[in-house]
file run.tsv (TSV, N, CA and C atoms)
chain	number	residue	atom	x	y	z
A	1	GLN	N	-52.88	3.44	-215.78
A	1	GLN	CA	-53.37	4.76	-215.44
A	1	GLN	C	-54.88	4.71	-215.25
A	2	VAL	N	-55.41	5.62	-214.44
A	2	VAL	CA	-56.84	5.64	-214.19
A	2	VAL	C	-57.30	7.09	-214.21
A	3	GLN	N	-58.49	7.30	-214.71
A	3	GLN	CA	-59.12	8.62	-214.69
A	3	GLN	C	-60.32	8.56	-213.75
A	4	LEU	N	-60.46	9.62	-212.95
A	4	LEU	CA	-61.49	9.65	-211.92
A	4	LEU	C	-62.43	10.83	-212.16
A	5	VAL	N	-63.73	10.58	-212.06
A	5	VAL	CA	-64.72	11.63	-212.27
A	5	VAL	C	-65.72	11.60	-211.12
A	6	GLU	N	-65.73	12.68	-210.34
A	6	GLU	CA	-66.64	12.77	-209.21
A	6	GLU	C	-67.98	13.38	-209.64
A	7	SER	N	-69.02	13.04	-208.91
A	7	SER	CA	-70.34	13.63	-209.13
A	7	SER	C	-71.13	13.54	-207.83
A	8	GLY	N	-72.26	14.24	-207.79
A	8	GLY	CA	-73.15	14.13	-206.65
A	8	GLY	C	-73.12	15.29	-205.69
A	9	GLY	N	-72.23	16.24	-205.92
A	9	GLY	CA	-72.18	17.39	-205.04
A	9	GLY	C	-73.38	18.30	-205.26
A	10	GLY	N	-73.50	19.30	-204.39
A	10	GLY	CA	-74.61	20.23	-204.54
A	10	GLY	C	-74.78	21.09	-203.31
A	11	LEU	N	-75.90	21.80	-203.28
A	11	LEU	CA	-76.25	22.67	-202.16
A	11	LEU	C	-77.28	21.97	-201.29
A	12	VAL	N	-77.02	21.90	-200.00
A	12	VAL	CA	-77.92	21.21	-199.09
A	12	VAL	C	-77.97	21.99	-197.78
A	13	GLN	N	-79.09	21.88	-197.09
A	13	GLN	CA	-79.21	22.53	-195.79
A	13	GLN	C	-78.50	21.71	-194.72
A	14	ALA	N	-78.13	22.39	-193.67
A	14	ALA	CA	-77.52	21.70	-192.53
A	14	ALA	C	-78.44	20.59	-192.05
A	15	GLY	N	-77.84	19.44	-191.75
A	15	GLY	CA	-78.60	18.28	-191.35
A	15	GLY	C	-78.99	17.38	-192.49
A	16	GLY	N	-78.79	17.85	-193.71
A	16	GLY	CA	-79.15	17.08	-194.89
A	16	GLY	C	-78.10	16.05	-195.26
A	17	SER	N	-78.35	15.39	-196.40
A	17	SER	CA	-77.47	14.31	-196.85
A	17	SER	C	-77.18	14.44	-198.33
A	18	LEU	N	-76.06	13.89	-198.72
A	18	LEU	CA	-75.67	13.76	-200.12
A	18	LEU	C	-74.94	12.44	-200.29
A	19	ARG	N	-74.91	11.95	-201.53
A	19	ARG	CA	-74.05	10.83	-201.84
A	19	ARG	C	-73.16	11.21	-203.02
A	20	LEU	N	-71.88	11.20	-202.77
A	20	LEU	CA	-70.90	11.47	-203.81
A	20	LEU	C	-70.49	10.16	-204.47
A	21	SER	N	-70.25	10.24	-205.77
A	21	SER	CA	-69.75	9.09	-206.51
A	21	SER	C	-68.46	9.46	-207.21
A	22	CYS	N	-67.61	8.49	-207.40
A	22	CYS	CA	-66.36	8.68	-208.14
A	22	CYS	C	-66.22	7.49	-209.07
A	23	ALA	N	-66.39	7.75	-210.36
A	23	ALA	CA	-66.30	6.70	-211.37
A	23	ALA	C	-64.89	6.66	-211.94
A	24	ALA	N	-64.34	5.46	-212.02
A	24	ALA	CA	-62.98	5.29	-212.51
A	24	ALA	C	-62.98	4.60	-213.86
A	25	SER	N	-62.08	5.03	-214.71
A	25	SER	CA	-61.91	4.37	-215.99
A	25	SER	C	-60.97	3.17	-215.84
A	26	GLY	N	-60.92	2.33	-216.85
A	26	GLY	CA	-59.96	1.24	-216.82
A	26	GLY	C	-60.54	-0.03	-216.22
A	27	ARG	N	-59.77	-1.11	-216.34
A	27	ARG	CA	-60.25	-2.42	-215.93
A	27	ARG	C	-59.61	-2.91	-214.64
A	28	THR	N	-58.78	-2.07	-214.00
A	28	THR	CA	-58.06	-2.53	-212.82
A	28	THR	C	-58.43	-1.73	-211.59
A	29	PHE	N	-59.67	-1.31	-211.49
A	29	PHE	CA	-60.11	-0.48	-210.37
A	29	PHE	C	-59.84	-1.16	-209.04
A	30	SER	N	-60.00	-2.46	-208.98
A	30	SER	CA	-59.81	-3.19	-207.72
A	30	SER	C	-58.36	-3.23	-207.25
A	31	SER	N	-57.45	-2.77	-208.08
A	31	SER	CA	-56.04	-2.73	-207.68
A	31	SER	C	-55.65	-1.39	-207.04
A	32	TYR	N	-56.61	-0.50	-206.85
A	32	TYR	CA	-56.35	0.80	-206.27
A	32	TYR	C	-57.02	0.94	-204.90
A	33	ALA	N	-56.25	1.37	-203.92
A	33	ALA	CA	-56.85	1.88	-202.70
A	33	ALA	C	-57.41	3.26	-203.04
A	34	MET	N	-58.55	3.58	-202.45
A	34	MET	CA	-59.23	4.83	-202.80
A	34	MET	C	-59.42	5.72	-201.58
A	35	GLY	N	-59.50	7.00	-201.84
A	35	GLY	CA	-59.70	7.94	-200.76
A	35	GLY	C	-60.53	9.13	-201.19
A	36	TRP	N	-61.10	9.79	-200.20
A	36	TRP	CA	-61.79	11.06	-200.41
A	36	TRP	C	-61.09	12.13	-199.58
A	37	PHE	N	-60.90	13.28	-200.20
A	37	PHE	CA	-60.33	14.44	-199.55
A	37	PHE	C	-61.23	15.63	-199.81
A	38	ARG	N	-61.02	16.70	-199.07
A	38	ARG	CA	-61.79	17.92	-199.33
A	38	ARG	C	-60.90	19.14	-199.11
A	39	GLN	N	-61.28	20.22	-199.78
A	39	GLN	CA	-60.54	21.46	-199.66
A	39	GLN	C	-61.50	22.63	-199.63
A	40	ALA	N	-61.47	23.34	-198.52
A	40	ALA	CA	-62.29	24.55	-198.38
A	40	ALA	C	-61.47	25.76	-198.82
A	41	PRO	N	-62.12	26.86	-199.18
A	41	PRO	CA	-61.40	28.05	-199.63
A	41	PRO	C	-60.39	28.52	-198.59
A	42	GLY	N	-59.16	28.74	-199.02
A	42	GLY	CA	-58.13	29.23	-198.14
A	42	GLY	C	-57.52	28.20	-197.21
A	43	LYS	N	-57.93	26.95	-197.37
A	43	LYS	CA	-57.42	25.89	-196.50
A	43	LYS	C	-56.71	24.82	-197.32
A	44	GLU	N	-55.89	24.03	-196.64
A	44	GLU	CA	-55.21	22.93	-197.31
A	44	GLU	C	-56.18	21.76	-197.54
A	45	ARG	N	-55.83	20.95	-198.52
A	45	ARG	CA	-56.61	19.74	-198.77
A	45	ARG	C	-56.48	18.82	-197.56
A	46	GLU	N	-57.61	18.28	-197.10
A	46	GLU	CA	-57.57	17.43	-195.92
A	46	GLU	C	-58.23	16.08	-196.19
A	47	PHE	N	-57.72	15.11	-195.49
A	47	PHE	CA	-58.24	13.74	-195.59
A	47	PHE	C	-59.64	13.65	-195.01
A	48	VAL	N	-60.50	12.89	-195.69
A	48	VAL	CA	-61.86	12.64	-195.22
A	48	VAL	C	-62.05	11.16	-194.90
A	49	SER	N	-61.77	10.30	-195.88
A	49	SER	CA	-62.03	8.88	-195.69
A	49	SER	C	-61.24	8.09	-196.71
A	50	ALA	N	-60.98	6.82	-196.38
A	50	ALA	CA	-60.26	5.94	-197.29
A	50	ALA	C	-60.81	4.53	-197.20
A	51	ILE	N	-60.60	3.77	-198.26
A	51	ILE	CA	-61.08	2.39	-198.31
A	51	ILE	C	-60.04	1.54	-199.02
A	52	SER	N	-59.87	0.31	-198.54
A	52	SER	CA	-58.88	-0.58	-199.12
A	52	SER	C	-59.35	-1.13	-200.46
A	53	LYS	N	-58.46	-1.85	-201.12
A	53	LYS	CA	-58.75	-2.33	-202.48
A	53	LYS	C	-60.00	-3.19	-202.55
A	54	SER	N	-60.17	-4.05	-201.57
A	54	SER	CA	-61.33	-4.94	-201.59
A	54	SER	C	-62.56	-4.31	-200.95
A	55	GLY	N	-62.35	-3.21	-200.23
A	55	GLY	CA	-63.45	-2.58	-199.51
A	55	GLY	C	-63.60	-3.09	-198.09
A	56	GLY	N	-62.73	-4.01	-197.69
A	56	GLY	CA	-62.88	-4.61	-196.37
A	56	GLY	C	-62.42	-3.74	-195.22
A	57	THR	N	-61.61	-2.74	-195.52
A	57	THR	CA	-61.10	-1.84	-194.48
A	57	THR	C	-61.43	-0.41	-194.84
A	58	THR	N	-61.94	0.33	-193.88
A	58	THR	CA	-62.24	1.75	-194.08
A	58	THR	C	-61.65	2.57	-192.95
A	59	TYR	N	-61.51	3.86	-193.20
A	59	TYR	CA	-60.92	4.76	-192.21
A	59	TYR	C	-61.49	6.14	-192.42
A	60	TYR	N	-61.70	6.87	-191.31
A	60	TYR	CA	-62.33	8.18	-191.39
A	60	TYR	C	-61.57	9.21	-190.57
A	61	ALA	N	-61.62	10.43	-191.03
A	61	ALA	CA	-61.15	11.53	-190.20
A	61	ALA	C	-62.10	11.69	-189.02
A	62	GLY	N	-61.57	12.15	-187.91
A	62	GLY	CA	-62.39	12.29	-186.72
A	62	GLY	C	-63.58	13.22	-186.91
A	63	SER	N	-63.40	14.23	-187.74
A	63	SER	CA	-64.46	15.22	-187.93
A	63	SER	C	-65.68	14.68	-188.68
A	64	VAL	N	-65.52	13.55	-189.36
A	64	VAL	CA	-66.64	13.00	-190.15
A	64	VAL	C	-67.06	11.62	-189.67
A	65	LYS	N	-66.31	11.02	-188.76
A	65	LYS	CA	-66.63	9.67	-188.31
A	65	LYS	C	-68.01	9.63	-187.68
A	66	GLY	N	-68.79	8.65	-188.10
A	66	GLY	CA	-70.15	8.53	-187.61
A	66	GLY	C	-71.18	9.27	-188.46
A	67	ARG	N	-70.70	10.15	-189.35
A	67	ARG	CA	-71.61	10.89	-190.22
A	67	ARG	C	-71.43	10.51	-191.69
A	68	PHE	N	-70.21	10.20	-192.09
A	68	PHE	CA	-69.91	9.85	-193.48
A	68	PHE	C	-69.63	8.35	-193.58
A	69	THR	N	-69.97	7.78	-194.74
A	69	THR	CA	-69.70	6.37	-194.99
A	69	THR	C	-69.10	6.20	-196.38
A	70	ILE	N	-67.95	5.55	-196.43
A	70	ILE	CA	-67.30	5.26	-197.70
A	70	ILE	C	-67.60	3.82	-198.09
A	71	SER	N	-67.76	3.59	-199.38
A	71	SER	CA	-67.98	2.24	-199.90
A	71	SER	C	-67.49	2.20	-201.34
A	72	ARG	N	-67.36	1.01	-201.85
A	72	ARG	CA	-66.94	0.86	-203.25
A	72	ARG	C	-67.63	-0.33	-203.87
A	73	ASP	N	-67.80	-0.25	-205.18
A	73	ASP	CA	-68.35	-1.35	-205.96
A	73	ASP	C	-67.35	-1.61	-207.07
A	74	ASN	N	-66.52	-2.62	-206.90
A	74	ASN	CA	-65.45	-2.87	-207.88
A	74	ASN	C	-66.02	-3.34	-209.22
A	75	ALA	N	-67.20	-3.92	-209.22
A	75	ALA	CA	-67.82	-4.33	-210.48
A	75	ALA	C	-68.26	-3.13	-211.30
A	76	LYS	N	-68.53	-2.01	-210.61
A	76	LYS	CA	-68.97	-0.78	-211.29
A	76	LYS	C	-67.86	0.25	-211.37
A	77	ASN	N	-66.66	-0.10	-210.90
A	77	ASN	CA	-65.54	0.83	-210.93
A	77	ASN	C	-65.88	2.16	-210.26
A	78	THR	N	-66.54	2.09	-209.13
A	78	THR	CA	-67.03	3.30	-208.48
A	78	THR	C	-66.80	3.24	-206.97
A	79	VAL	N	-66.41	4.37	-206.42
A	79	VAL	CA	-66.33	4.54	-204.97
A	79	VAL	C	-67.32	5.62	-204.58
A	80	TYR	N	-67.94	5.43	-203.43
A	80	TYR	CA	-68.99	6.34	-202.97
A	80	TYR	C	-68.61	6.96	-201.63
A	81	LEU	N	-69.20	8.10	-201.36
A	81	LEU	CA	-69.10	8.70	-200.04
A	81	LEU	C	-70.48	9.24	-199.67
A	82	ARG	N	-71.08	8.61	-198.68
A	82	ARG	CA	-72.38	9.05	-198.19
A	82	ARG	C	-72.13	10.07	-197.09
A	83	LEU	N	-72.72	11.25	-197.23
A	83	LEU	CA	-72.56	12.34	-196.28
A	83	LEU	C	-73.90	12.57	-195.58
A	84	ASN	N	-73.94	12.27	-194.30
A	84	ASN	CA	-75.15	12.50	-193.50
A	84	ASN	C	-74.89	13.58	-192.45
A	85	SER	N	-75.98	14.13	-191.92
A	85	SER	CA	-75.89	15.13	-190.85
A	85	SER	C	-74.90	16.22	-191.21
A	86	LEU	N	-75.04	16.75	-192.39
A	86	LEU	CA	-74.07	17.73	-192.89
A	86	LEU	C	-74.09	19.01	-192.09
A	87	LYS	N	-72.92	19.60	-191.96
A	87	LYS	CA	-72.73	20.84	-191.22
A	87	LYS	C	-72.14	21.90	-192.16
A	88	PRO	N	-72.34	23.16	-191.85
A	88	PRO	CA	-71.74	24.20	-192.71
A	88	PRO	C	-70.23	24.04	-192.88
A	89	GLU	N	-69.56	23.54	-191.86
A	89	GLU	CA	-68.12	23.37	-191.95
A	89	GLU	C	-67.71	22.21	-192.86
A	90	ASP	N	-68.66	21.46	-193.36
A	90	ASP	CA	-68.36	20.43	-194.36
A	90	ASP	C	-68.29	21.02	-195.77
A	91	THR	N	-68.60	22.28	-195.91
A	91	THR	CA	-68.54	22.93	-197.22
A	91	THR	C	-67.13	22.91	-197.77
A	92	ALA	N	-66.98	22.38	-198.97
A	92	ALA	CA	-65.66	22.24	-199.59
A	92	ALA	C	-65.83	21.62	-200.97
A	93	VAL	N	-64.73	21.61	-201.71
A	93	VAL	CA	-64.66	20.79	-202.91
A	93	VAL	C	-64.15	19.42	-202.47
A	94	TYR	N	-64.87	18.38	-202.86
A	94	TYR	CA	-64.51	17.02	-202.48
A	94	TYR	C	-63.86	16.32	-203.66
A	95	TYR	N	-62.71	15.70	-203.38
A	95	TYR	CA	-61.93	15.01	-204.40
A	95	TYR	C	-61.81	13.53	-204.06
A	96	CYS	N	-61.88	12.69	-205.07
A	96	CYS	CA	-61.50	11.30	-204.86
A	96	CYS	C	-60.10	11.09	-205.43
A	97	ALA	N	-59.44	10.08	-204.91
A	97	ALA	CA	-58.06	9.81	-205.29
A	97	ALA	C	-57.81	8.32	-205.28
A	98	ALA	N	-56.84	7.90	-206.09
A	98	ALA	CA	-56.49	6.48	-206.22
A	98	ALA	C	-55.01	6.27	-205.95
A	99	ASP	N	-54.71	5.22	-205.20
A	99	ASP	CA	-53.33	4.86	-204.87
A	99	ASP	C	-53.06	3.47	-205.40
A	100	SER	N	-52.12	3.36	-206.32
A	100	SER	CA	-51.83	2.07	-206.95
A	100	SER	C	-50.83	1.23	-206.18
A	101	ARG	N	-50.18	1.81	-205.18
A	101	ARG	CA	-49.07	1.12	-204.52
A	101	ARG	C	-49.40	0.57	-203.14
A	102	ALA	N	-50.60	0.83	-202.65
A	102	ALA	CA	-50.95	0.40	-201.30
A	102	ALA	C	-51.05	-1.12	-201.23
A	103	ALA	N	-50.70	-1.67	-200.08
A	103	ALA	CA	-50.88	-3.09	-199.86
A	103	ALA	C	-52.36	-3.43	-199.83
A	104	ALA	N	-52.65	-4.71	-199.96
A	104	ALA	CA	-54.02	-5.15	-200.21
A	104	ALA	C	-55.04	-4.62	-199.21
A	105	SER	N	-54.76	-4.68	-197.93
A	105	SER	CA	-55.76	-4.30	-196.93
A	105	SER	C	-55.51	-2.91	-196.35
A	106	ARG	N	-54.60	-2.18	-196.94
A	106	ARG	CA	-54.21	-0.90	-196.36
A	106	ARG	C	-55.14	0.23	-196.77
A	107	VAL	N	-55.38	1.14	-195.85
A	107	VAL	CA	-56.08	2.38	-196.18
A	107	VAL	C	-55.05	3.50	-196.09
A	108	VAL	N	-55.19	4.49	-196.93
A	108	VAL	CA	-54.19	5.53	-197.09
A	108	VAL	C	-54.80	6.88	-196.77
A	109	SER	N	-54.22	7.57	-195.79
A	109	SER	CA	-54.74	8.88	-195.42
A	109	SER	C	-53.82	10.03	-195.81
A	110	ASN	N	-52.63	9.71	-196.27
A	110	ASN	CA	-51.65	10.72	-196.63
A	110	ASN	C	-51.88	11.20	-198.06
A	111	VAL	N	-52.15	12.47	-198.23
A	111	VAL	CA	-52.46	13.00	-199.55
A	111	VAL	C	-51.32	12.75	-200.53
A	112	GLY	N	-50.09	12.74	-200.05
A	112	GLY	CA	-48.94	12.58	-200.93
A	112	GLY	C	-48.76	11.19	-201.49
A	113	GLU	N	-49.49	10.23	-200.96
A	113	GLU	CA	-49.34	8.85	-201.43
A	113	GLU	C	-50.26	8.51	-202.58
A	114	TYR	N	-51.15	9.40	-202.91
A	114	TYR	CA	-52.10	9.11	-203.98
A	114	TYR	C	-51.53	9.52	-205.34
A	115	ASP	N	-51.77	8.63	-206.34
A	115	ASP	CA	-51.23	8.85	-207.67
A	115	ASP	C	-52.15	9.66	-208.57
A	116	TYR	N	-53.44	9.43	-208.41
A	116	TYR	CA	-54.41	9.99	-209.34
A	116	TYR	C	-55.52	10.72	-208.59
A	117	TRP	N	-56.00	11.80	-209.20
A	117	TRP	CA	-57.02	12.64	-208.58
A	117	TRP	C	-58.11	12.98	-209.58
A	118	GLY	N	-59.32	13.10	-209.06
A	118	GLY	CA	-60.40	13.62	-209.87
A	118	GLY	C	-60.40	15.13	-209.88
A	119	GLN	N	-61.39	15.71	-210.57
A	119	GLN	CA	-61.45	17.16	-210.71
A	119	GLN	C	-62.19	17.82	-209.55
A	120	GLY	N	-62.89	17.03	-208.76
A	120	GLY	CA	-63.59	17.55	-207.60
A	120	GLY	C	-65.06	17.85	-207.86
A	121	THR	N	-65.83	17.81	-206.79
A	121	THR	CA	-67.25	18.18	-206.84
A	121	THR	C	-67.56	19.05	-205.63
A	122	GLN	N	-68.29	20.13	-205.86
A	122	GLN	CA	-68.55	21.11	-204.80
A	122	GLN	C	-69.69	20.65	-203.90
A	123	VAL	N	-69.45	20.72	-202.61
A	123	VAL	CA	-70.50	20.49	-201.61
A	123	VAL	C	-70.64	21.78	-200.81
A	124	THR	N	-71.84	22.31	-200.78
A	124	THR	CA	-72.11	23.53	-200.02
A	124	THR	C	-73.25	23.26	-199.05
A	125	VAL	N	-73.00	23.52	-197.78
A	125	VAL	CA	-73.99	23.28	-196.74
A	125	VAL	C	-74.39	24.62	-196.14
A	126	SER	N	-75.66	24.94	-196.26
A	126	SER	CA	-76.16	26.20	-195.73
A	126	SER	C	-76.69	26.02	-194.32
A	127	SER	N	-76.56	27.07	-193.53
A	127	SER	CA	-77.01	26.99	-192.12
A	127	SER	C	-78.46	27.42	-191.98
call {"tool": "encode", "arguments": {"input": "run.tsv", "output": "structure tokens"}}
result
Amino acid sequence: QVQLVESGGGLVQAGGSLRLSCAASGRTFSSYAMGWFRQAPGKEREFVSAISKSGGTTYYAGSVKGRFTISRDNAKNTVYLRLNSLKPEDTAVYYCAADSRAAASRVVSNVGEYDYWGQGTQVTVSS
């Protein structure tokens, strides 16, 4: 089992940047494919980005590709999401998630495939 704790959210102006972190408990962090999702008020949770167990493969939603960057440091049990060129429509609660069953190089974009979730961190982008 793994516990996930997100941090790094906040209020930023449009065009600004943030870096989200997700710290995982346990000694087997490298055995989890990781993902970031977000949920705006009144909307369903949506996929943002995913990274494979080793970090060698990444994947992004079209709405954030070129602006967001996912990375992980398995030695620190942490996955990151760098948010650049933020837009008001990026405002949401951002969640990290862990998938224990993904194949080694696979990235997972389906919310239903993730086993564990963090509590979320709020990102608010003002215009």
call {"tool": "closest_residue", "arguments": {"input": "run.tsv", "among": "A:Gly15, A:Asn74, A:Lys87, A:Gly8", "to": "Gln122 in chain A", "atoms": "only N, CA and C atoms"}}
result
A:Gly8
call {"tool": "select_by_dssp", "arguments": {"input": "run.tsv", "residues": "chain A", "states": "helix (DSSP H, G or I)", "output": "list in words"}}
result
Phe29, Ser30, Ser31, Pro88, Glu89, Asp90, Val111, Gly112 and Glu113 of chain A
call {"tool": "write_last_selection", "arguments": {"input": "run.tsv", "atoms": "N, CA and C atoms", "output": "tab-separated table (two decimals), keeping the file's coordinate frame"}}
result
chain	number	residue	atom	x	y	z
A	29	PHE	N	-59.67	-1.31	-211.49
A	29	PHE	CA	-60.11	-0.48	-210.37
A	29	PHE	C	-59.84	-1.16	-209.04
A	30	SER	N	-60.00	-2.46	-208.98
A	30	SER	CA	-59.81	-3.19	-207.72
A	30	SER	C	-58.36	-3.23	-207.25
A	31	SER	N	-57.45	-2.77	-208.08
A	31	SER	CA	-56.04	-2.73	-207.68
A	31	SER	C	-55.65	-1.39	-207.04
A	88	PRO	N	-72.34	23.16	-191.85
A	88	PRO	CA	-71.74	24.20	-192.71
A	88	PRO	C	-70.23	24.04	-192.88
A	89	GLU	N	-69.56	23.54	-191.86
A	89	GLU	CA	-68.12	23.37	-191.95
A	89	GLU	C	-67.71	22.21	-192.86
A	90	ASP	N	-68.66	21.46	-193.36
A	90	ASP	CA	-68.36	20.43	-194.36
A	90	ASP	C	-68.29	21.02	-195.77
A	111	VAL	N	-52.15	12.47	-198.23
A	111	VAL	CA	-52.46	13.00	-199.55
A	111	VAL	C	-51.32	12.75	-200.53
A	112	GLY	N	-50.09	12.74	-200.05
A	112	GLY	CA	-48.94	12.58	-200.93
A	112	GLY	C	-48.76	11.19	-201.49
A	113	GLU	N	-49.49	10.23	-200.96
A	113	GLU	CA	-49.34	8.85	-201.43
A	113	GLU	C	-50.26	8.51	-202.58
call {"tool": "closest_residue", "arguments": {"input": "run.tsv", "among": "A:Gly66, A:Tyr94, A:Ser126, A:Arg45", "to": "Val111 in chain A", "atoms": "all atoms listed in the file"}}
result
A:Arg45
call {"tool": "closest_residue", "arguments": {"input": "run.tsv", "among": "A:Ser105, A:Asn110, A:Gln3, A:Thr121", "to": "Gly56 in chain A", "atoms": "all atoms listed in the file"}}
result
A:Ser105
call {"tool": "residues_around", "arguments": {"input": "run.tsv", "residues": "Gly16 in chain A", "least_positions_apart": "4", "cutoff": "8 Å", "atoms": "only N, CA and C atoms", "output": "ChimeraX atom specification"}}
result
/A:12,83-87,125
call {"tool": "closest_residue", "arguments": {"input": "run.tsv", "among": "A:Ala14, A:Val5, A:Ala103, A:Met34", "to": "Pro88 in chain A", "atoms": "only C-alpha atoms"}}
result
A:Ala14
call {"tool": "closest_residue", "arguments": {"input": "run.tsv", "among": "A:Lys43, A:Arg27, A:Arg38, A:Lys53", "to": "Arg101 in chain A", "atoms": "only C-alpha atoms"}}
result
A:Lys53
call {"tool": "closest_residue", "arguments": {"input": "run.tsv", "among": "A:Lys76, A:Gly42, A:Arg82, A:Ile51", "to": "Ala23 in chain A", "atoms": "only N, CA and C atoms"}}
result
A:Lys76
call {"tool": "atom_distance", "arguments": {"input": "run.tsv", "atom1": "CA of Tyr95 in chain A", "atom2": "CA of Ala75 in chain A"}}
result
21.1 Å
call {"tool": "residues_near_point", "arguments": {"input": "run.tsv", "point": "(-74.4, 20.0, -200.0)", "cutoff": "6 Å", "atoms": "only N, CA and C atoms", "output": "JSON list (two decimals) with N, CA and C atoms, keeping the file's coordinate frame"}}
result
[["chain", "number", "residue", "atom", "x", "y", "z"],
["A", 9, "GLY", "N", -72.23, 16.24, -205.92],
["A", 9, "GLY", "CA", -72.18, 17.39, -205.04],
["A", 9, "GLY", "C", -73.38, 18.30, -205.26],
["A", 10, "GLY", "N", -73.50, 19.30, -204.39],
["A", 10, "GLY", "CA", -74.61, 20.23, -204.54],
["A", 10, "GLY", "C", -74.78, 21.09, -203.31],
["A", 11, "LEU", "N", -75.90, 21.80, -203.28],
["A", 11, "LEU", "CA", -76.25, 22.67, -202.16],
["A", 11, "LEU", "C", -77.28, 21.97, -201.29],
["A", 12, "VAL", "N", -77.02, 21.90, -200.00],
["A", 12, "VAL", "CA", -77.92, 21.21, -199.09],
["A", 12, "VAL", "C", -77.97, 21.99, -197.78],
["A", 13, "GLN", "N", -79.09, 21.88, -197.09],
["A", 13, "GLN", "CA", -79.21, 22.53, -195.79],
["A", 13, "GLN", "C", -78.50, 21.71, -194.72],
["A", 123, "VAL", "N", -69.45, 20.72, -202.61],
["A", 123, "VAL", "CA", -70.50, 20.49, -201.61],
["A", 123, "VAL", "C", -70.64, 21.78, -200.81],
["A", 124, "THR", "N", -71.84, 22.31, -200.78],
["A", 124, "THR", "CA", -72.11, 23.53, -200.02],
["A", 124, "THR", "C", -73.25, 23.26, -199.05],
["A", 125, "VAL", "N", -73.00, 23.52, -197.78],
["A", 125, "VAL", "CA", -73.99, 23.28, -196.74],
["A", 125, "VAL", "C", -74.39, 24.62, -196.14]]
